[in-house]
file final-v6.cif (mmCIF, C-alpha atoms)
data_target
loop_
_atom_site.label_atom_id
_atom_site.label_comp_id
_atom_site.auth_asym_id
_atom_site.auth_seq_id
_atom_site.Cartn_x
_atom_site.Cartn_y
_atom_site.Cartn_z
CA MET A 1 -74.17 -196.58 47.96
CA PHE A 2 -76.59 -193.73 48.69
CA VAL A 3 -79.94 -195.31 47.83
CA TYR A 4 -81.85 -196.93 50.68
CA PRO A 5 -83.37 -199.18 51.72
CA MET A 6 -82.88 -201.75 48.97
CA PRO A 7 -84.64 -205.08 48.64
CA THR A 8 -82.56 -208.24 48.47
CA ILE A 9 -83.78 -210.47 45.66
CA LEU A 10 -82.70 -213.55 43.78
CA ALA A 11 -83.12 -212.93 40.06
CA GLY A 12 -83.63 -216.06 38.00
CA ALA A 13 -83.13 -216.99 34.35
CA LEU A 14 -82.63 -220.04 32.20
CA VAL A 15 -79.00 -220.07 31.02
CA ASP A 16 -77.80 -222.74 28.62
CA GLY A 17 -80.94 -224.69 29.49
CA ARG A 18 -80.27 -224.62 33.24
CA PRO A 19 -81.94 -222.47 35.91
CA ASN A 20 -79.59 -219.91 37.42
CA PHE A 21 -80.03 -217.31 40.15
CA THR A 22 -78.08 -214.28 41.31
CA THR A 23 -78.43 -211.85 44.21
CA LEU A 24 -79.41 -208.26 43.46
CA GLY A 25 -80.45 -205.12 45.29
CA ASN A 26 -81.10 -203.18 42.08
CA HIS A 27 -84.82 -203.76 41.91
CA GLY A 28 -87.96 -201.71 42.37
CA LEU A 29 -91.44 -200.84 41.18
CA MET A 30 -91.95 -198.71 38.08
CA ARG A 31 -95.69 -198.92 37.40
CA VAL A 32 -98.70 -200.47 39.12
CA LYS A 33 -100.93 -201.01 36.04
CA PRO A 34 -99.82 -203.02 34.25
CA PRO A 35 -97.45 -204.09 37.03
CA THR A 36 -93.92 -203.27 35.92
CA THR A 37 -90.60 -203.74 37.66
CA TYR A 38 -86.89 -203.71 36.83
CA ILE A 39 -83.63 -205.34 37.64
CA SER A 40 -80.23 -203.87 36.83
CA ILE A 41 -77.42 -206.36 36.36
CA CYS A 42 -73.81 -206.48 35.14
CA ASN A 43 -73.45 -207.30 31.44
CA GLY A 44 -70.87 -209.97 32.18
CA HIS A 45 -72.96 -211.89 34.70
CA TYR A 46 -73.97 -215.40 33.75
CA THR A 47 -77.64 -214.70 34.49
CA THR A 48 -77.62 -211.75 32.05
CA ARG A 49 -77.00 -214.10 29.14
CA GLY A 50 -80.17 -216.03 29.90
CA ILE A 51 -82.30 -212.90 30.20
CA LEU A 52 -81.00 -211.60 26.87
CA GLU A 53 -81.66 -214.96 25.20
CA HIS A 54 -85.22 -215.50 26.45
CA GLY A 55 -86.43 -211.98 27.28
CA THR A 56 -87.72 -213.20 30.63
CA PHE A 57 -86.61 -213.29 34.26
CA SER A 58 -87.92 -214.09 37.72
CA VAL A 59 -87.77 -212.14 40.96
CA ASN A 60 -87.64 -214.24 44.14
CA TYR A 61 -87.84 -212.60 47.58
CA PRO A 62 -85.87 -214.40 50.29
CA SER A 63 -86.84 -214.06 53.93
CA VAL A 64 -84.34 -213.27 56.67
CA ASN A 65 -83.97 -216.97 57.50
CA GLN A 66 -82.60 -217.47 53.97
CA MET A 67 -79.92 -214.80 54.38
CA ALA A 68 -76.91 -217.13 54.14
CA ILE A 69 -77.92 -218.85 50.91
CA ALA A 70 -79.20 -215.58 49.42
CA ASP A 71 -75.84 -213.95 50.13
CA ARG A 72 -73.96 -216.98 48.78
CA CYS A 73 -75.93 -216.81 45.54
CA GLY A 74 -74.19 -213.50 44.83
CA LEU A 75 -70.70 -214.79 45.67
CA VAL A 76 -70.63 -217.74 43.25
CA SER A 77 -71.09 -217.69 39.46
CA GLY A 78 -73.36 -220.09 37.63
CA ARG A 79 -70.46 -220.62 35.25
CA ASP A 80 -68.69 -222.61 37.96
CA THR A 81 -71.52 -223.92 40.10
CA ASP A 82 -74.96 -225.37 39.42
CA LYS A 83 -76.93 -223.14 41.79
CA SER A 84 -80.20 -224.72 40.66
CA ALA A 85 -79.25 -227.66 42.92
CA TRP A 86 -79.41 -225.34 45.95
CA PHE A 87 -83.13 -224.74 45.58
CA ASP A 88 -86.42 -226.44 44.82
CA VAL A 89 -87.00 -224.88 41.40
CA PHE A 90 -90.44 -224.58 39.82
CA PHE A 91 -91.91 -223.03 36.68
CA GLY A 92 -95.17 -221.17 36.07
CA GLU A 93 -96.71 -219.93 32.84
CA LEU A 94 -93.46 -218.96 31.16
CA GLU A 95 -91.23 -221.93 30.38
CA THR A 96 -88.05 -219.86 30.62
CA VAL A 97 -88.65 -218.39 34.09
CA PRO A 98 -87.26 -220.61 36.86
CA MET A 99 -88.46 -219.72 40.36
CA ILE A 100 -87.47 -220.70 43.90
CA SER A 101 -90.05 -222.58 45.99
CA GLU A 102 -88.34 -221.64 49.25
CA CYS A 103 -89.00 -217.92 48.61
CA PRO A 104 -92.51 -216.92 49.73
CA VAL A 105 -93.16 -214.57 46.79
CA ASN A 106 -92.05 -214.99 43.18
CA LEU A 107 -92.64 -212.78 40.15
CA GLU A 108 -92.66 -213.93 36.54
CA CYS A 109 -91.48 -211.11 34.29
CA ARG A 110 -91.34 -210.50 30.55
CA VAL A 111 -88.83 -207.88 29.38
CA ILE A 112 -90.55 -204.91 27.71
CA GLU A 113 -87.60 -202.48 27.67
CA THR A 114 -83.85 -202.96 27.77
CA VAL A 115 -81.76 -199.95 28.75
CA PRO A 116 -77.97 -200.21 28.33
CA LEU A 117 -76.19 -198.39 31.14
CA GLY A 118 -72.46 -198.79 30.52
CA HIS A 119 -71.28 -202.04 32.11
CA MET A 120 -74.80 -202.69 33.41
CA THR A 121 -78.12 -203.41 31.71
CA VAL A 122 -81.50 -202.39 33.06
CA PHE A 123 -84.23 -204.89 32.23
CA ILE A 124 -87.72 -203.44 32.61
CA GLY A 125 -90.22 -206.25 32.89
CA GLU A 126 -93.96 -206.57 32.98
CA ILE A 127 -94.99 -208.83 35.85
CA THR A 128 -97.06 -211.49 34.09
CA ASP A 129 -97.79 -213.62 37.15
CA VAL A 130 -97.21 -213.65 40.90
CA HIS A 131 -96.82 -216.70 43.13
CA ILE A 132 -97.43 -216.29 46.84
CA ASP A 133 -97.19 -218.96 49.49
CA GLU A 134 -100.55 -219.48 51.12
CA ASP A 135 -99.22 -218.97 54.63
CA VAL A 136 -98.04 -215.42 53.92
CA GLN A 137 -101.35 -214.30 52.47
CA GLY A 138 -103.77 -212.40 54.64
CA GLU A 139 -107.40 -213.24 54.13
CA ALA A 140 -108.35 -216.12 51.86
CA GLY A 141 -108.78 -215.03 48.28
CA ARG A 142 -107.12 -211.69 48.84
CA PRO A 143 -104.36 -210.64 46.47
CA THR A 144 -100.75 -210.04 47.40
CA SER A 145 -101.41 -206.54 48.54
CA TYR A 146 -102.64 -208.11 51.74
CA ALA A 147 -99.59 -210.32 52.18
CA ARG A 148 -98.51 -210.43 55.79
CA MET A 149 -95.26 -208.53 56.06
CA ASP A 150 -94.46 -210.09 59.44
CA ARG A 151 -94.53 -213.54 57.88
CA LEU A 152 -92.68 -212.47 54.73
CA ASP A 153 -89.86 -211.11 56.94
CA PRO A 154 -88.06 -209.64 53.89
CA LEU A 155 -84.29 -209.36 53.72
CA ILE A 156 -83.33 -205.69 53.28
CA TYR A 157 -79.96 -204.31 52.18
CA CYS A 158 -78.71 -200.95 53.47
CA PRO A 159 -75.73 -198.59 53.42
CA GLY A 160 -72.91 -199.93 55.55
CA ASN A 161 -73.10 -203.23 53.60
CA ALA A 162 -75.67 -204.47 56.11
CA TYR A 163 -78.66 -206.74 55.94
CA HIS A 164 -81.64 -205.63 58.00
CA ARG A 165 -85.07 -207.01 58.69
CA LEU A 166 -88.25 -204.98 58.33
CA GLY A 167 -89.44 -203.17 61.44
CA ASP A 168 -92.86 -202.34 62.83
CA ARG A 169 -95.76 -200.97 60.86
CA VAL A 170 -95.99 -197.27 61.74
CA GLY A 171 -98.82 -195.95 59.58
CA GLN A 172 -101.16 -196.17 56.61
CA GLY A 173 -100.38 -194.90 53.12
CA PHE A 174 -102.45 -192.05 51.64
CA HIS A 175 -103.88 -191.46 55.10
CA GLU A 176 -101.34 -190.10 57.60
CA GLY A 177 -101.14 -186.80 55.72
CA ARG A 178 -104.90 -186.25 55.95
CA THR A 179 -104.74 -185.56 59.68
CA ASP A 180 -104.37 -182.09 61.10
CA SER A 181 -101.02 -183.05 62.57
CA VAL A 182 -99.16 -181.72 59.53
CA MET B 1 -98.45 -204.05 44.46
CA PHE B 2 -96.07 -207.00 44.51
CA VAL B 3 -92.69 -205.34 44.86
CA TYR B 4 -91.31 -204.93 48.39
CA PRO B 5 -90.02 -203.26 50.38
CA MET B 6 -90.15 -199.85 48.71
CA PRO B 7 -88.45 -196.67 49.91
CA THR B 8 -90.58 -193.62 50.55
CA ILE B 9 -89.00 -190.56 48.99
CA LEU B 10 -89.85 -186.98 48.21
CA ALA B 11 -88.82 -186.21 44.64
CA GLY B 12 -88.10 -182.55 43.97
CA ALA B 13 -88.02 -180.35 40.89
CA LEU B 14 -88.26 -176.72 39.92
CA VAL B 15 -91.66 -176.15 38.27
CA ASP B 16 -92.54 -172.76 36.85
CA GLY B 17 -89.66 -171.34 38.86
CA ARG B 18 -90.91 -172.75 42.16
CA PRO B 19 -89.63 -175.78 44.11
CA ASN B 20 -92.10 -178.64 44.17
CA PHE B 21 -92.02 -182.06 45.80
CA THR B 22 -94.04 -185.25 45.46
CA THR B 23 -94.08 -188.58 47.29
CA LEU B 24 -92.88 -191.68 45.47
CA GLY B 25 -92.05 -195.30 46.17
CA ASN B 26 -90.85 -195.95 42.61
CA HIS B 27 -87.17 -195.46 43.28
CA GLY B 28 -84.08 -197.64 43.47
CA LEU B 29 -80.44 -198.12 42.62
CA MET B 30 -79.36 -198.99 39.06
CA ARG B 31 -75.58 -198.67 39.14
CA VAL B 32 -72.92 -197.94 41.75
CA LYS B 33 -70.25 -196.38 39.48
CA PRO B 34 -71.12 -193.81 38.38
CA PRO B 35 -73.92 -193.75 40.96
CA THR B 36 -77.21 -194.02 39.08
CA THR B 37 -80.78 -194.12 40.31
CA TYR B 38 -84.30 -193.74 38.92
CA ILE B 39 -87.70 -192.41 39.75
CA SER B 40 -90.89 -193.38 37.92
CA ILE B 41 -93.67 -190.80 37.94
CA CYS B 42 -97.03 -190.13 36.29
CA ASN B 43 -96.83 -188.02 33.12
CA GLY B 44 -99.57 -185.73 34.36
CA HIS B 45 -97.98 -184.92 37.71
CA TYR B 46 -96.92 -181.34 38.27
CA THR B 47 -93.40 -182.36 39.28
CA THR B 48 -92.93 -184.21 35.98
CA ARG B 49 -93.15 -180.96 34.04
CA GLY B 50 -90.20 -179.53 35.96
CA ILE B 51 -88.05 -182.63 35.44
CA LEU B 52 -88.76 -182.59 31.71
CA GLU B 53 -87.95 -178.88 31.49
CA HIS B 54 -84.66 -178.94 33.40
CA GLY B 55 -83.48 -182.54 33.09
CA THR B 56 -82.78 -182.66 36.82
CA PHE B 57 -84.46 -183.86 40.01
CA SER B 58 -83.74 -184.42 43.68
CA VAL B 59 -84.36 -187.41 45.93
CA ASN B 60 -85.06 -186.60 49.58
CA TYR B 61 -85.37 -189.39 52.17
CA PRO B 62 -87.80 -188.64 55.01
CA SER B 63 -87.41 -190.31 58.38
CA VAL B 64 -90.29 -191.97 60.21
CA ASN B 65 -90.90 -188.81 62.26
CA GLN B 66 -91.71 -187.02 58.97
CA MET B 67 -94.35 -189.58 57.95
CA ALA B 68 -97.34 -187.22 58.07
CA ILE B 69 -95.88 -184.49 55.91
CA ALA B 70 -94.28 -187.03 53.56
CA ASP B 71 -97.67 -188.69 53.07
CA ARG B 72 -99.39 -185.34 52.63
CA CYS B 73 -96.93 -184.37 49.92
CA GLY B 74 -98.43 -187.14 47.78
CA LEU B 75 -102.04 -186.13 48.47
CA VAL B 76 -101.80 -182.52 47.32
CA SER B 77 -100.75 -181.19 43.90
CA GLY B 78 -98.29 -178.36 43.43
CA ARG B 79 -100.79 -176.91 40.97
CA ASP B 80 -103.03 -176.00 43.90
CA THR B 81 -100.61 -175.64 46.79
CA ASP B 82 -97.17 -174.15 47.24
CA LYS B 83 -95.53 -177.13 48.94
CA SER B 84 -92.17 -175.35 49.00
CA ALA B 85 -93.56 -173.42 51.99
CA TRP B 86 -93.81 -176.67 53.96
CA PHE B 87 -90.06 -177.21 54.01
CA ASP B 88 -86.77 -175.44 54.45
CA VAL B 89 -85.59 -175.68 50.83
CA PHE B 90 -81.93 -175.49 49.83
CA PHE B 91 -79.92 -175.84 46.61
CA GLY B 92 -76.56 -177.46 45.91
CA GLU B 93 -74.46 -177.47 42.75
CA LEU B 94 -77.39 -177.66 40.32
CA GLU B 95 -79.55 -174.55 40.33
CA THR B 96 -82.67 -176.48 39.27
CA VAL B 97 -82.58 -179.12 42.03
CA PRO B 98 -84.45 -178.01 45.15
CA MET B 99 -83.82 -180.16 48.23
CA ILE B 100 -85.39 -180.49 51.69
CA SER B 101 -83.24 -179.57 54.70
CA GLU B 102 -85.42 -181.58 57.07
CA CYS B 103 -84.56 -184.84 55.24
CA PRO B 104 -81.25 -186.28 56.48
CA VAL B 105 -80.06 -187.43 53.03
CA ASN B 106 -80.59 -185.69 49.67
CA LEU B 107 -79.44 -186.67 46.21
CA GLU B 108 -78.89 -184.27 43.30
CA CYS B 109 -79.60 -186.07 40.02
CA ARG B 110 -79.12 -185.26 36.36
CA VAL B 111 -81.33 -187.20 33.93
CA ILE B 112 -79.27 -189.40 31.59
CA GLU B 113 -82.09 -191.57 30.20
CA THR B 114 -85.83 -191.04 29.86
CA VAL B 115 -87.97 -194.14 29.33
CA PRO B 116 -91.65 -193.63 28.43
CA LEU B 117 -93.79 -196.29 30.07
CA GLY B 118 -97.38 -195.58 29.05
CA HIS B 119 -98.91 -193.11 31.49
CA MET B 120 -95.65 -193.08 33.48
CA THR B 121 -92.14 -191.88 32.71
CA VAL B 122 -88.98 -193.42 34.13
CA PHE B 123 -86.22 -190.86 34.70
CA ILE B 124 -82.81 -192.47 35.09
CA GLY B 125 -80.46 -190.04 36.77
CA GLU B 126 -76.80 -189.88 37.58
CA ILE B 127 -76.32 -188.84 41.21
CA THR B 128 -74.09 -185.80 40.89
CA ASP B 129 -73.92 -184.94 44.58
CA VAL B 130 -75.09 -186.26 47.94
CA HIS B 131 -75.93 -184.23 51.03
CA ILE B 132 -75.91 -185.98 54.39
CA ASP B 133 -76.66 -184.44 57.74
CA GLU B 134 -73.63 -184.64 59.99
CA ASP B 135 -75.49 -186.34 62.81
CA VAL B 136 -76.42 -189.36 60.67
CA GLN B 137 -72.88 -189.96 59.48
CA GLY B 138 -70.80 -192.62 61.16
CA GLU B 139 -67.14 -191.81 61.62
CA ALA B 140 -65.89 -188.35 60.77
CA GLY B 141 -64.85 -188.07 57.16
CA ARG B 142 -66.53 -191.31 56.19
CA PRO B 143 -68.84 -191.31 53.20
CA THR B 144 -72.53 -192.10 53.26
CA SER B 145 -71.93 -195.80 53.08
CA TYR B 146 -71.28 -195.56 56.79
CA ALA B 147 -74.42 -193.58 57.50
CA ARG B 148 -76.10 -194.73 60.67
CA MET B 149 -79.30 -196.51 59.68
CA ASP B 150 -80.69 -196.24 63.20
CA ARG B 151 -80.44 -192.46 63.05
CA LEU B 152 -81.73 -192.25 59.47
CA ASP B 153 -84.82 -194.25 60.56
CA PRO B 154 -86.07 -194.45 56.94
CA LEU B 155 -89.75 -194.54 56.06
CA ILE B 156 -90.52 -197.77 54.17
CA TYR B 157 -93.62 -198.56 52.12
CA CYS B 158 -94.96 -202.11 51.89
CA PRO B 159 -97.82 -204.21 50.52
CA GLY B 160 -101.00 -203.64 52.49
CA ASN B 161 -100.59 -199.86 51.94
CA ALA B 162 -98.49 -199.70 55.09
CA TYR B 163 -95.57 -197.61 56.24
CA HIS B 164 -92.94 -199.48 58.21
CA ARG B 165 -89.72 -198.56 59.90
CA LEU B 166 -86.46 -200.42 59.34
CA GLY B 167 -85.72 -203.27 61.72
CA ASP B 168 -82.55 -204.65 63.25
CA ARG B 169 -79.33 -205.30 61.42
CA VAL B 170 -79.14 -209.07 60.91
CA GLY B 171 -75.95 -209.60 58.91
CA GLN B 172 -73.17 -208.38 56.65
CA GLY B 173 -73.34 -208.27 52.85
CA PHE B 174 -70.99 -210.46 50.80
CA HIS B 175 -70.10 -212.31 53.99
CA GLU B 176 -72.98 -214.39 55.37
CA GLY B 177 -72.77 -216.77 52.42
CA ARG B 178 -69.11 -217.48 53.04
CA THR B 179 -69.80 -219.48 56.18
CA ASP B 180 -70.29 -223.23 56.19
CA SER B 181 -73.86 -222.77 57.33
CA VAL B 182 -75.18 -222.87 53.77
#
call {"tool": "encode", "arguments": {"input": "final-v6.cif", "output": "structure tokens"}}
result
Amino acid sequence: MFVYPMPTILAGALVDGRPNFTTLGNHGLMRVKPPTTYISICNGHYTTRGILEHGTFSVNYPSVNQMAIADRCGLVSGRDTDKSAWFDVFFGELETVPMISECPVNLECRVIETVPLGHMTVFIGEITDVHIDEDVQGEAGRPTSYARMDRLDPLIYCPGNAYHRLGDRVGQGFHEGRTDSV
Amino acid sequence: MFVYPMPTILAGALVDGRPNFTTLGNHGLMRVKPPTTYISICNGHYTTRGILEHGTFSVNYPSVNQMAIADRCGLVSGRDTDKSAWFDVFFGELETVPMISECPVNLECRVIETVPLGHMTVFIGEITDVHIDEDVQGEAGRPTSYARMDRLDPLIYCPGNAYHRLGDRVGQGFHEGRTDSV
């Protein structure tokens, strides 16, 4: 595994009428406007069936204090276990996108491209709505871009099969390179 | 920007016969075997022309101590500036994949899928080779999966337009969920 760092997310879908979630690191941004993301997931996974059926999925970001249950979500299949009972599940605009209340940020996504990649499938999704817990937002009324990273405390996955937390802020984007220090 | 955390990478290509690099956060893993990654980049960017011409690109991971030049690489276009002069550039197996010696890890990638996404293009690439500085490897002879994250000190990009460093290791993948603590 040579790509780092990776987020740890819980991807959600409605499978056979029941919410299901699985743990993934294959996730990232593809476009800001309109906001577009992806997940890449094994064809045989239970969650995949629900995404293919409904053309929708959710992305739920666990914090470090949810590490154990986030990890467990990737060890157990929804075929054998009703993982929806592990979480407080809610729905937003899309009726086929189950989300996890315990995760501070949730994305509702509608699939706009499906890319077969051997035993995996890449689902490219437009982010149709974002849910952010009030206590991780910065100033009132500000969008997610001001979310407080220290409160989000995201769970990061790295080479060496290790979970890490996020470290200190070290600089500002589109700014550090403007100095004469380069 | 609702997707977090994002890596900060310098994507490289040969454009008009000259190495060029640009800063991206749109990067992630798609498949482990064969190792497959992606970058998503604006159609109009100078680097994009080189990727389209040769069907290859590099991914170079800067460390936190390279923040200024990594940021600057995204502020200046290769049309106006020869950014190859900023780095010690080397080549591996593929003659059209310039890489940056100063970055501790470099990926050589061959495009296997191209996904148009409006004003952006997603290049899905098979990682054909990986270059890792000896002093960031763990045990002798071990592959990258044992790379020392503390020595890599990767540059991370987060909501709030902020660069962060990686924090402490907090757990082991595919293990934390096995305990009875869930």
call {"tool": "resolve_selection", "arguments": {"input": "final-v6.cif", "expression": "the PyMOL selection byres ((chain B and resi 94-96) around 7)", "output": "PDB file with C-alpha atoms, keeping the file's coordinate frame"}}
result
ATOM      1  CA  ALA B  13     -88.020-180.350  40.890  1.00  0.00           C
ATOM      2  CA  LEU B  14     -88.260-176.720  39.920  1.00  0.00           C
ATOM      3  CA  HIS B  54     -84.660-178.940  33.400  1.00  0.00           C
ATOM      4  CA  THR B  56     -82.780-182.660  36.820  1.00  0.00           C
ATOM      5  CA  PHE B  91     -79.920-175.840  46.610  1.00  0.00           C
ATOM      6  CA  GLY B  92     -76.560-177.460  45.910  1.00  0.00           C
ATOM      7  CA  GLU B  93     -74.460-177.470  42.750  1.00  0.00           C
ATOM      8  CA  VAL B  97     -82.580-179.120  42.030  1.00  0.00           C
ATOM      9  CA  PRO B  98     -84.450-178.010  45.150  1.00  0.00           C
TER      10      PRO B  98
END
call {"tool": "resolve_selection", "arguments": {"input": "final-v6.cif", "expression": "the PyMOL selection byres ((chain A and resi 74) around 8)", "output": "MDAnalysis selection string"}}
result
(chainID A and resid 22:24 70:73 75:77) or (chainID B and resid 174)
call {"tool": "resolve_selection", "arguments": {"input": "final-v6.cif", "expression": "the PyMOL selection byres ((chain B and resi 105) around 8)", "output": "list of chain:residue names"}}
result
B:Asn60, B:Tyr61, B:Cys103, B:Pro104, B:Asn106, B:Leu107, B:Val130, B:His131, B:Ile132, B:Asp133
call {"tool": "atom_distance", "arguments": {"input": "final-v6.cif", "atom1": "atom CA of Asp129 of chain A", "atom2": "atom CA of Gly171 of chain A"}}
result
28.6 Å
call {"tool": "interface_residues", "arguments": {"input": "final-v6.cif", "of": "chain A", "to": "chain B", "cutoff": "7 Å", "atoms": "only C-alpha atoms", "output": "mmCIF file with C-alpha atoms, in the coordinates of the input"}}
result
data_model
loop_
_atom_site.group_PDB
_atom_site.id
_atom_site.type_symbol
_atom_site.label_atom_id
_atom_site.label_comp_id
_atom_site.auth_asym_id
_atom_site.auth_seq_id
_atom_site.Cartn_x
_atom_site.Cartn_y
_atom_site.Cartn_z
ATOM 1 C CA MET A 1 -74.170 -196.580 47.960
ATOM 2 C CA PHE A 2 -76.590 -193.730 48.690
ATOM 3 C CA VAL A 3 -79.940 -195.310 47.830
ATOM 4 C CA TYR A 4 -81.850 -196.930 50.680
ATOM 5 C CA PRO A 5 -83.370 -199.180 51.720
ATOM 6 C CA MET A 6 -82.880 -201.750 48.970
ATOM 7 C CA PRO A 7 -84.640 -205.080 48.640
ATOM 8 C CA ASN A 26 -81.100 -203.180 42.080
ATOM 9 C CA HIS A 27 -84.820 -203.760 41.910
ATOM 10 C CA GLY A 28 -87.960 -201.710 42.370
ATOM 11 C CA LEU A 29 -91.440 -200.840 41.180
ATOM 12 C CA MET A 30 -91.950 -198.710 38.080
ATOM 13 C CA VAL A 32 -98.700 -200.470 39.120
ATOM 14 C CA SER A 40 -80.230 -203.870 36.830
ATOM 15 C CA ALA A 68 -76.910 -217.130 54.140
ATOM 16 C CA ILE A 69 -77.920 -218.850 50.910
ATOM 17 C CA ASP A 71 -75.840 -213.950 50.130
ATOM 18 C CA ARG A 72 -73.960 -216.980 48.780
ATOM 19 C CA LEU A 75 -70.700 -214.790 45.670
ATOM 20 C CA THR A 144 -100.750 -210.040 47.400
ATOM 21 C CA SER A 145 -101.410 -206.540 48.540
ATOM 22 C CA TYR A 146 -102.640 -208.110 51.740
ATOM 23 C CA ALA A 147 -99.590 -210.320 52.180
ATOM 24 C CA PRO A 159 -75.730 -198.590 53.420
ATOM 25 C CA GLY A 160 -72.910 -199.930 55.550
ATOM 26 C CA ASN A 161 -73.100 -203.230 53.600
ATOM 27 C CA ALA A 162 -75.670 -204.470 56.110
ATOM 28 C CA TYR A 163 -78.660 -206.740 55.940
ATOM 29 C CA HIS A 164 -81.640 -205.630 58.000
ATOM 30 C CA ARG A 165 -85.070 -207.010 58.690
ATOM 31 C CA LEU A 166 -88.250 -204.980 58.330
ATOM 32 C CA GLY A 167 -89.440 -203.170 61.440
ATOM 33 C CA ASP A 168 -92.860 -202.340 62.830
ATOM 34 C CA ARG A 169 -95.760 -200.970 60.860
ATOM 35 C CA VAL A 170 -95.990 -197.270 61.740
ATOM 36 C CA GLY A 171 -98.820 -195.950 59.580
ATOM 37 C CA GLN A 172 -101.160 -196.170 56.610
ATOM 38 C CA GLY A 173 -100.380 -194.900 53.120
ATOM 39 C CA PHE A 174 -102.450 -192.050 51.640
ATOM 40 C CA GLU A 176 -101.340 -190.100 57.600
ATOM 41 C CA GLY A 177 -101.140 -186.800 55.720
ATOM 42 C CA ARG A 178 -104.900 -186.250 55.950
ATOM 43 C CA VAL A 182 -99.160 -181.720 59.530
#
call {"tool": "atom_distance", "arguments": {"input": "final-v6.cif", "atom1": "atom CA of Gly78 of chain B", "atom2": "atom CA of Asp153 of chain B"}}
result
27.0 Å
call {"tool": "atom_distance", "arguments": {"input": "final-v6.cif", "atom1": "atom CA of Val89 of chain A", "atom2": "atom CA of Ser101 of chain A"}}
result
6.0 Å
call {"tool": "axis_aligned_box", "arguments": {"input": "final-v6.cif", "around": "segment 120-139 of chain B", "padding_each_side": "8 Å", "output": "lines of an AutoDock Vina configuration file"}}
result
center_x = -81.4
center_y = -188.8
center_z = 47.8
size_x = 44.5
size_y = 25.2
size_z = 46.1
call {"tool": "closest_residue", "arguments": {"input": "final-v6.cif", "among": "B:Ala85, B:Val15, B:Val136, B:Cys109", "to": "Leu52 of chain B", "atoms": "all atoms listed in the file"}}
result
B:Val15
call {"tool": "residues_near_point", "arguments": {"input": "final-v6.cif", "point": "(-78.9, -222.7, 31.2)", "cutoff": "12 Å", "atoms": "all atoms listed in the file", "output": "list in words"}}
result
Gly12, Ala13, Leu14, Val15, Asp16, Gly17, Arg18, Pro19, Asn20, Phe21, Tyr46, Thr47, Thr48, Arg49, Gly50, Ile51, Glu53, His54, Gly78, Arg79, Thr81, Asp82, Lys83, Ser84, Thr96, Val97 and Pro98 of chain A
call {"tool": "decode", "arguments": {"input": "final-v6.cif", "residues": "segment 105-117 of chain B", "atoms": "N, CA and C atoms", "output": "PDB file, in the first residue's frame"}}
result
ATOM      1  N   VAL B 105       9.020   9.506  -1.284  1.00  0.00           N
ATOM      2  CA  VAL B 105       8.327   8.418  -1.988  1.00  0.00           C
ATOM      3  C   VAL B 105       7.806   8.937  -3.329  1.00  0.00           C
ATOM      4  N   ASN B 106       8.032   8.156  -4.374  1.00  0.00           N
ATOM      5  CA  ASN B 106       7.574   8.515  -5.722  1.00  0.00           C
ATOM      6  C   ASN B 106       6.927   7.312  -6.374  1.00  0.00           C
ATOM      7  N   LEU B 107       5.835   7.544  -7.053  1.00  0.00           N
ATOM      8  CA  LEU B 107       5.138   6.488  -7.782  1.00  0.00           C
ATOM      9  C   LEU B 107       5.234   6.753  -9.281  1.00  0.00           C
ATOM     10  N   GLU B 108       5.555   5.710 -10.044  1.00  0.00           N
ATOM     11  CA  GLU B 108       5.448   5.767 -11.503  1.00  0.00           C
ATOM     12  C   GLU B 108       4.107   5.163 -11.887  1.00  0.00           C
ATOM     13  N   CYS B 109       3.333   5.880 -12.698  1.00  0.00           N
ATOM     14  CA  CYS B 109       1.976   5.422 -13.024  1.00  0.00           C
ATOM     15  C   CYS B 109       1.730   5.445 -14.528  1.00  0.00           C
ATOM     16  N   ARG B 110       1.030   4.391 -14.977  1.00  0.00           N
ATOM     17  CA  ARG B 110       0.612   4.313 -16.374  1.00  0.00           C
ATOM     18  C   ARG B 110      -0.910   4.407 -16.414  1.00  0.00           C
ATOM     19  N   VAL B 111      -1.441   5.331 -17.189  1.00  0.00           N
ATOM     20  CA  VAL B 111      -2.895   5.561 -17.230  1.00  0.00           C
ATOM     21  C   VAL B 111      -3.605   4.330 -17.806  1.00  0.00           C
ATOM     22  N   ILE B 112      -4.588   3.812 -17.078  1.00  0.00           N
ATOM     23  CA  ILE B 112      -5.368   2.678 -17.589  1.00  0.00           C
ATOM     24  C   ILE B 112      -6.820   3.070 -17.860  1.00  0.00           C
ATOM     25  N   GLU B 113      -7.268   4.177 -17.253  1.00  0.00           N
ATOM     26  CA  GLU B 113      -8.618   4.686 -17.527  1.00  0.00           C
ATOM     27  C   GLU B 113      -8.579   6.202 -17.453  1.00  0.00           C
ATOM     28  N   THR B 114      -9.304   6.845 -18.362  1.00  0.00           N
ATOM     29  CA  THR B 114      -9.441   8.297 -18.343  1.00  0.00           C
ATOM     30  C   THR B 114     -10.923   8.632 -18.244  1.00  0.00           C
ATOM     31  N   VAL B 115     -11.299   9.358 -17.203  1.00  0.00           N
ATOM     32  CA  VAL B 115     -12.717   9.664 -16.973  1.00  0.00           C
ATOM     33  C   VAL B 115     -12.926  11.177 -17.063  1.00  0.00           C
ATOM     34  N   PRO B 116     -13.574  11.657 -18.117  1.00  0.00           N
ATOM     35  CA  PRO B 116     -13.860  13.094 -18.216  1.00  0.00           C
ATOM     36  C   PRO B 116     -14.894  13.474 -17.165  1.00  0.00           C
ATOM     37  N   LEU B 117     -14.642  14.583 -16.490  1.00  0.00           N
ATOM     38  CA  LEU B 117     -15.550  15.019 -15.422  1.00  0.00           C
ATOM     39  C   LEU B 117     -15.707  16.539 -15.562  1.00  0.00           C
TER      40      LEU B 117
END
